[in-house]
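S.K.: I have a structure I would like to understand better, so I am pasting it below and will then ask my questions one at a time.
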Amino acid sequence: MTYSEHDEALANTIKALATPELPRQFSTLVRGMAAFDNLIVIAYHGENRPAVLYREYTDPVVYLPMDNQYLGGAYLLDPFYHEHLKGSVRGIRRLMDVAPDHFRRTHYYNNYYKQTTLLDEVAVFATITDGITLTACFGRDRTSGKPFGKRELQALRRHEMSLSALLEAHWQDYRPDGAAEEASAPLEVRLREALEQEHGIRLSPRQAEVALFILRGHSSLAIGLHLGVSTQTVKVFRRQLYTKCNISSQAELFALLMPLFARLTARG
């Protein structure tokens, strides 16, 4: 896209603010910087279930697991969701740059993410309120069959603050249904309660934390750094966790906890 074409696309996007045309114009603006196969705009609010505000795609397969699996609890393991939890996040994030060190080894990646055929994802983050984050997530899937290139990523990063500002201006009044509901207890607390109620498994707070770190793709070294303990101590917690749950692998941990996640998340 030439400078004049970019300027025109930006002007059209600004004109479309606060109208139903904004997502389509925003898509055209970004496509001039980095060609993509799919786009989804998601609103995250606290730890509640996210809401999809807009989507477009070339291959419908990419979003088939979205409504049931992702919104049903898998989002809790998404690196972009964990960026949202940091608060006041703006600008461009590439999924694999913010993913945990063992993300590609997770059951989530190999049994959910690969279903989508996504090869690469870049998201524009926008902060609406202290608890609400929007992501406009642009993906490359089997349609193009290749990740984003260096020049495309550089072009997006050159304009990341303007892209965030456009999303914030358009959705500044967005509030999810039930936004006034009481804040949920931390996920670790709700997970421990659900495991005890439904399976008679009583985890310590630290064991529940480790379980979630494992499912998100953190290595023992990374978990230790997060918790301020040694790698050896993390391995002890992992063994205790697996013994209490009567399992021996991450895949079994995933199978045990995923059915609980949908019941642990409130619809916002």
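Residues in the structure tokens are named by chain (A, B, ... in the order shown) and by number from 1 within that chain; ligands are numbered from 1 in the order shown.
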Contacts between range 33-52 of chain A and range 117-218 of chain A, please, where a residue of range 117-218 of chain A counts if it comes within 6 Å (with only C-alpha atoms); show its shortest atom pair and distance in Å to one decimal, rows by chain and ascending number, as JSON lines.

M.R.:
```
{"residue": "A:Gly131", "atom": "CA", "partner": "A:Gly46", "partner_atom": "CA", "distance": 5.3}
{"residue": "A:Ile132", "atom": "CA", "partner": "A:His45", "partner_atom": "CA", "distance": 4.4}
{"residue": "A:Thr133", "atom": "CA", "partner": "A:Tyr44", "partner_atom": "CA", "distance": 5.2}
{"residue": "A:Leu134", "atom": "CA", "partner": "A:Ala43", "partner_atom": "CA", "distance": 4.5}
{"residue": "A:Thr135", "atom": "CA", "partner": "A:Ile42", "partner_atom": "CA", "distance": 5.3}
{"residue": "A:Ala136", "atom": "CA", "partner": "A:Val41", "partner_atom": "CA", "distance": 4.3}
{"residue": "A:Cys137", "atom": "CA", "partner": "A:Ile40", "partner_atom": "CA", "distance": 5.3}
{"residue": "A:Phe138", "atom": "CA", "partner": "A:Leu39", "partner_atom": "CA", "distance": 4.6}
{"residue": "A:Gly139", "atom": "CA", "partner": "A:Asn38", "partner_atom": "CA", "distance": 5.1}
{"residue": "A:Arg140", "atom": "CA", "partner": "A:Asp37", "partner_atom": "CA", "distance": 5.1}
{"residue": "A:Glu152", "atom": "CA", "partner": "A:Ala34", "partner_atom": "CA", "distance": 4.8}
{"residue": "A:Ala155", "atom": "CA", "partner": "A:Met33", "partner_atom": "CA", "distance": 5.7}
```

S.K.: Set the distance at 10 Å and use only C-alpha atoms: which residues neighbour Gln115 in chain A once local chain neighbours fewer than 3 positions away are removed? I'd like the list as a CSV table (one decimal) with N, CA, C and O atoms, in the first residue's frame.

M.R.:
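Saved as result.csv:
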```csv
chain,number,residue,atom,x,y,z
A,61,VAL,N,-13.4,-23.0,8.5
A,61,VAL,CA,-12.8,-24.0,9.5
A,61,VAL,C,-12.1,-23.2,10.7
A,61,VAL,O,-12.2,-23.7,11.8
A,62,VAL,N,-11.6,-22.1,10.4
A,62,VAL,CA,-10.7,-21.4,11.4
A,62,VAL,C,-11.5,-21.1,12.6
A,62,VAL,O,-10.9,-21.1,13.8
A,63,TYR,N,-12.8,-20.8,12.5
A,63,TYR,CA,-13.6,-20.4,13.7
A,63,TYR,C,-14.6,-21.5,14.2
A,63,TYR,O,-15.4,-21.2,15.0
A,64,LEU,N,-14.5,-22.7,13.6
A,64,LEU,CA,-15.4,-23.7,14.0
A,64,LEU,C,-15.3,-24.0,15.5
A,64,LEU,O,-16.4,-24.3,16.2
A,65,PRO,N,-14.1,-24.1,16.1
A,65,PRO,CA,-14.0,-24.4,17.5
A,65,PRO,C,-14.3,-23.2,18.4
A,65,PRO,O,-14.2,-23.3,19.7
A,109,TYR,N,-2.6,-26.5,22.6
A,109,TYR,CA,-2.1,-26.2,21.3
A,109,TYR,C,-2.3,-27.3,20.3
A,109,TYR,O,-2.7,-27.1,19.2
A,110,ASN,N,-2.0,-28.5,20.7
A,110,ASN,CA,-2.0,-29.6,19.8
A,110,ASN,C,-3.4,-30.2,19.6
A,110,ASN,O,-3.7,-30.9,18.5
A,111,ASN,N,-4.3,-30.0,20.5
A,111,ASN,CA,-5.7,-30.5,20.3
A,111,ASN,C,-6.8,-29.5,20.2
A,111,ASN,O,-7.9,-29.9,19.8
A,112,TYR,N,-6.5,-28.3,20.4
A,112,TYR,CA,-7.5,-27.2,20.1
A,112,TYR,C,-7.0,-26.3,19.0
A,112,TYR,O,-7.6,-26.2,18.0
A,118,LEU,N,-4.7,-22.3,12.1
A,118,LEU,CA,-3.9,-21.1,12.3
A,118,LEU,C,-2.4,-21.4,12.3
A,118,LEU,O,-2.0,-22.3,13.0
```

S.K.: Have a look at A:Leu264, A:Leu167, A:Ala74, A:Leu253 and name the one nearest to Ser184 in chain A; count only C-alpha atoms.

M.R.: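 Residue with the minimum atom-to-atom distance to Ser184 in chain A: A:Leu264.
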
S.K.: Excluding Ser162 in chain A and residues on its chain fewer than 5 positions from it, collect all residues at most 12 Å away from it, counting only C-alpha atoms, and give them as a VMD selection string.

M.R.: chain A and resid 10 13 to 14 26 29 to 30 90 to 92 124 to 126 156 to 157 167 to 169

S.K.: Please dump the current selection as a PDB file, in the first residue's frame; keep C-alpha atoms.

M.R.:
```
ATOM      1  CA  LEU A  10      -7.086   5.734   7.449  1.00  0.00           C
ATOM      2  CA  THR A  13     -11.689   4.333   8.966  1.00  0.00           C
ATOM      3  CA  ILE A  14     -11.923   7.587  10.920  1.00  0.00           C
ATOM      4  CA  PHE A  26     -10.485  -1.134   9.984  1.00  0.00           C
ATOM      5  CA  LEU A  29      -6.685  -0.415   6.736  1.00  0.00           C
ATOM      6  CA  VAL A  30      -4.785  -3.278   8.363  1.00  0.00           C
ATOM      7  CA  ARG A  90      -2.229  -1.454  24.004  1.00  0.00           C
ATOM      8  CA  GLY A  91      -0.420  -2.002  20.734  1.00  0.00           C
ATOM      9  CA  ILE A  92       0.617  -5.052  18.720  1.00  0.00           C
ATOM     10  CA  VAL A 124      -4.088  -5.167  18.182  1.00  0.00           C
ATOM     11  CA  PHE A 125      -4.866  -4.596  21.868  1.00  0.00           C
ATOM     12  CA  ALA A 126      -7.063  -1.746  23.067  1.00  0.00           C
ATOM     13  CA  LEU A 156       1.899  -2.992  11.941  1.00  0.00           C
ATOM     14  CA  ARG A 157       4.203  -1.945  14.767  1.00  0.00           C
ATOM     15  CA  LEU A 167     -10.561   0.557  18.417  1.00  0.00           C
ATOM     16  CA  GLU A 168     -10.790   2.489  21.682  1.00  0.00           C
ATOM     17  CA  ALA A 169     -12.615   5.394  20.055  1.00  0.00           C
TER      18      ALA A 169
END
```

S.K.: Which residues are close to range 221-230 of chain A, i.e. within 12 Å by only C-alpha atoms, leaving aside same-chain residues fewer than 4 positions away? Reply as a ChimeraX atom specification.

M.R.: /A:99-103,205-207,209-217,234-238

S.K.: Quick one: write out the picked residues with N, CA, C and O atoms as a PDB file, in the first residue's frame?

M.R.:
```
ATOM      1  N   ALA A  99       3.601 -16.112  24.077  1.00  0.00           N
ATOM      2  CA  ALA A  99       3.240 -17.448  24.555  1.00  0.00           C
ATOM      3  C   ALA A  99       4.310 -17.989  25.507  1.00  0.00           C
ATOM      4  O   ALA A  99       5.491 -17.655  25.376  1.00  0.00           O
ATOM      5  N   PRO A 100       3.920 -18.837  26.474  1.00  0.00           N
ATOM      6  CA  PRO A 100       4.893 -19.473  27.358  1.00  0.00           C
ATOM      7  C   PRO A 100       5.900 -20.323  26.585  1.00  0.00           C
ATOM      8  O   PRO A 100       5.667 -20.706  25.432  1.00  0.00           O
ATOM      9  N   ASP A 101       7.003 -20.648  27.246  1.00  0.00           N
ATOM     10  CA  ASP A 101       8.112 -21.303  26.550  1.00  0.00           C
ATOM     11  C   ASP A 101       7.781 -22.691  26.009  1.00  0.00           C
ATOM     12  O   ASP A 101       8.359 -23.122  25.015  1.00  0.00           O
ATOM     13  N   HIS A 102       6.852 -23.400  26.634  1.00  0.00           N
ATOM     14  CA  HIS A 102       6.479 -24.739  26.156  1.00  0.00           C
ATOM     15  C   HIS A 102       5.065 -24.756  25.560  1.00  0.00           C
ATOM     16  O   HIS A 102       4.401 -25.791  25.543  1.00  0.00           O
ATOM     17  N   PHE A 103       4.614 -23.612  25.047  1.00  0.00           N
ATOM     18  CA  PHE A 103       3.245 -23.507  24.534  1.00  0.00           C
ATOM     19  C   PHE A 103       2.954 -24.545  23.452  1.00  0.00           C
ATOM     20  O   PHE A 103       1.894 -25.170  23.437  1.00  0.00           O
ATOM     21  N   PRO A 205      -3.454 -24.501  47.361  1.00  0.00           N
ATOM     22  CA  PRO A 205      -3.421 -23.345  46.448  1.00  0.00           C
ATOM     23  C   PRO A 205      -2.235 -23.403  45.484  1.00  0.00           C
ATOM     24  O   PRO A 205      -2.391 -23.100  44.298  1.00  0.00           O
ATOM     25  N   ARG A 206      -1.087 -23.819  45.965  1.00  0.00           N
ATOM     26  CA  ARG A 206       0.093 -23.866  45.104  1.00  0.00           C
ATOM     27  C   ARG A 206      -0.038 -24.960  44.039  1.00  0.00           C
ATOM     28  O   ARG A 206       0.357 -24.770  42.896  1.00  0.00           O
ATOM     29  N   GLN A 207      -0.612 -26.100  44.389  1.00  0.00           N
ATOM     30  CA  GLN A 207      -0.810 -27.172  43.406  1.00  0.00           C
ATOM     31  C   GLN A 207      -1.783 -26.736  42.312  1.00  0.00           C
ATOM     32  O   GLN A 207      -1.584 -27.069  41.139  1.00  0.00           O
ATOM     33  N   GLU A 209      -2.229 -23.625  41.297  1.00  0.00           N
ATOM     34  CA  GLU A 209      -1.462 -22.684  40.478  1.00  0.00           C
ATOM     35  C   GLU A 209      -0.592 -23.432  39.478  1.00  0.00           C
ATOM     36  O   GLU A 209      -0.538 -23.091  38.293  1.00  0.00           O
ATOM     37  N   VAL A 210       0.112 -24.437  39.963  1.00  0.00           N
ATOM     38  CA  VAL A 210       1.009 -25.215  39.099  1.00  0.00           C
ATOM     39  C   VAL A 210       0.220 -25.907  37.996  1.00  0.00           C
ATOM     40  O   VAL A 210       0.658 -25.954  36.838  1.00  0.00           O
ATOM     41  N   ALA A 211      -0.958 -26.438  38.327  1.00  0.00           N
ATOM     42  CA  ALA A 211      -1.790 -27.103  37.315  1.00  0.00           C
ATOM     43  C   ALA A 211      -2.098 -26.150  36.168  1.00  0.00           C
ATOM     44  O   ALA A 211      -1.983 -26.515  34.985  1.00  0.00           O
ATOM     45  N   LEU A 212      -2.469 -24.909  36.495  1.00  0.00           N
ATOM     46  CA  LEU A 212      -2.809 -23.942  35.453  1.00  0.00           C
ATOM     47  C   LEU A 212      -1.580 -23.518  34.658  1.00  0.00           C
ATOM     48  O   LEU A 212      -1.647 -23.363  33.436  1.00  0.00           O
ATOM     49  N   PHE A 213      -0.462 -23.343  35.326  1.00  0.00           N
ATOM     50  CA  PHE A 213       0.777 -23.014  34.609  1.00  0.00           C
ATOM     51  C   PHE A 213       1.149 -24.119  33.622  1.00  0.00           C
ATOM     52  O   PHE A 213       1.573 -23.843  32.491  1.00  0.00           O
ATOM     53  N   ILE A 214       0.995 -25.368  34.034  1.00  0.00           N
ATOM     54  CA  ILE A 214       1.322 -26.501  33.155  1.00  0.00           C
ATOM     55  C   ILE A 214       0.436 -26.469  31.911  1.00  0.00           C
ATOM     56  O   ILE A 214       0.921 -26.599  30.773  1.00  0.00           O
ATOM     57  N   LEU A 215      -0.864 -26.300  32.100  1.00  0.00           N
ATOM     58  CA  LEU A 215      -1.795 -26.322  30.974  1.00  0.00           C
ATOM     59  C   LEU A 215      -1.551 -25.164  30.017  1.00  0.00           C
ATOM     60  O   LEU A 215      -1.800 -25.279  28.824  1.00  0.00           O
ATOM     61  N   ARG A 216      -1.068 -24.032  30.538  1.00  0.00           N
ATOM     62  CA  ARG A 216      -0.809 -22.868  29.680  1.00  0.00           C
ATOM     63  C   ARG A 216       0.496 -22.980  28.912  1.00  0.00           C
ATOM     64  O   ARG A 216       0.743 -22.198  27.995  1.00  0.00           O
ATOM     65  N   GLY A 217       1.356 -23.944  29.300  1.00  0.00           N
ATOM     66  CA  GLY A 217       2.574 -24.168  28.527  1.00  0.00           C
ATOM     67  C   GLY A 217       3.854 -23.659  29.153  1.00  0.00           C
ATOM     68  O   GLY A 217       4.848 -23.461  28.448  1.00  0.00           O
ATOM     69  N   VAL A 234       9.192 -27.065  42.010  1.00  0.00           N
ATOM     70  CA  VAL A 234       8.082 -27.150  41.058  1.00  0.00           C
ATOM     71  C   VAL A 234       7.828 -28.611  40.694  1.00  0.00           C
ATOM     72  O   VAL A 234       6.666 -29.051  40.611  1.00  0.00           O
ATOM     73  N   LYS A 235       8.886 -29.372  40.482  1.00  0.00           N
ATOM     74  CA  LYS A 235       8.725 -30.794  40.133  1.00  0.00           C
ATOM     75  C   LYS A 235       8.049 -31.561  41.264  1.00  0.00           C
ATOM     76  O   LYS A 235       7.269 -32.493  41.022  1.00  0.00           O
ATOM     77  N   VAL A 236       8.346 -31.177  42.502  1.00  0.00           N
ATOM     78  CA  VAL A 236       7.680 -31.812  43.643  1.00  0.00           C
ATOM     79  C   VAL A 236       6.182 -31.496  43.616  1.00  0.00           C
ATOM     80  O   VAL A 236       5.351 -32.388  43.787  1.00  0.00           O
ATOM     81  N   PHE A 237       5.854 -30.217  43.382  1.00  0.00           N
ATOM     82  CA  PHE A 237       4.440 -29.837  43.284  1.00  0.00           C
ATOM     83  C   PHE A 237       3.745 -30.596  42.164  1.00  0.00           C
ATOM     84  O   PHE A 237       2.591 -31.022  42.297  1.00  0.00           O
ATOM     85  N   ARG A 238       4.433 -30.750  41.029  1.00  0.00           N
ATOM     86  CA  ARG A 238       3.846 -31.462  39.894  1.00  0.00           C
ATOM     87  C   ARG A 238       3.565 -32.920  40.263  1.00  0.00           C
ATOM     88  O   ARG A 238       2.480 -33.444  39.966  1.00  0.00           O
TER      89      ARG A 238
END
```

S.K.: Which residues in range 149-250 of chain A does DSSP call helix (DSSP H, G or I)? List them as a ChimeraX atom specification.

M.R.: /A:150-158,160-170,187-199,205-216,220-227,231-245,250
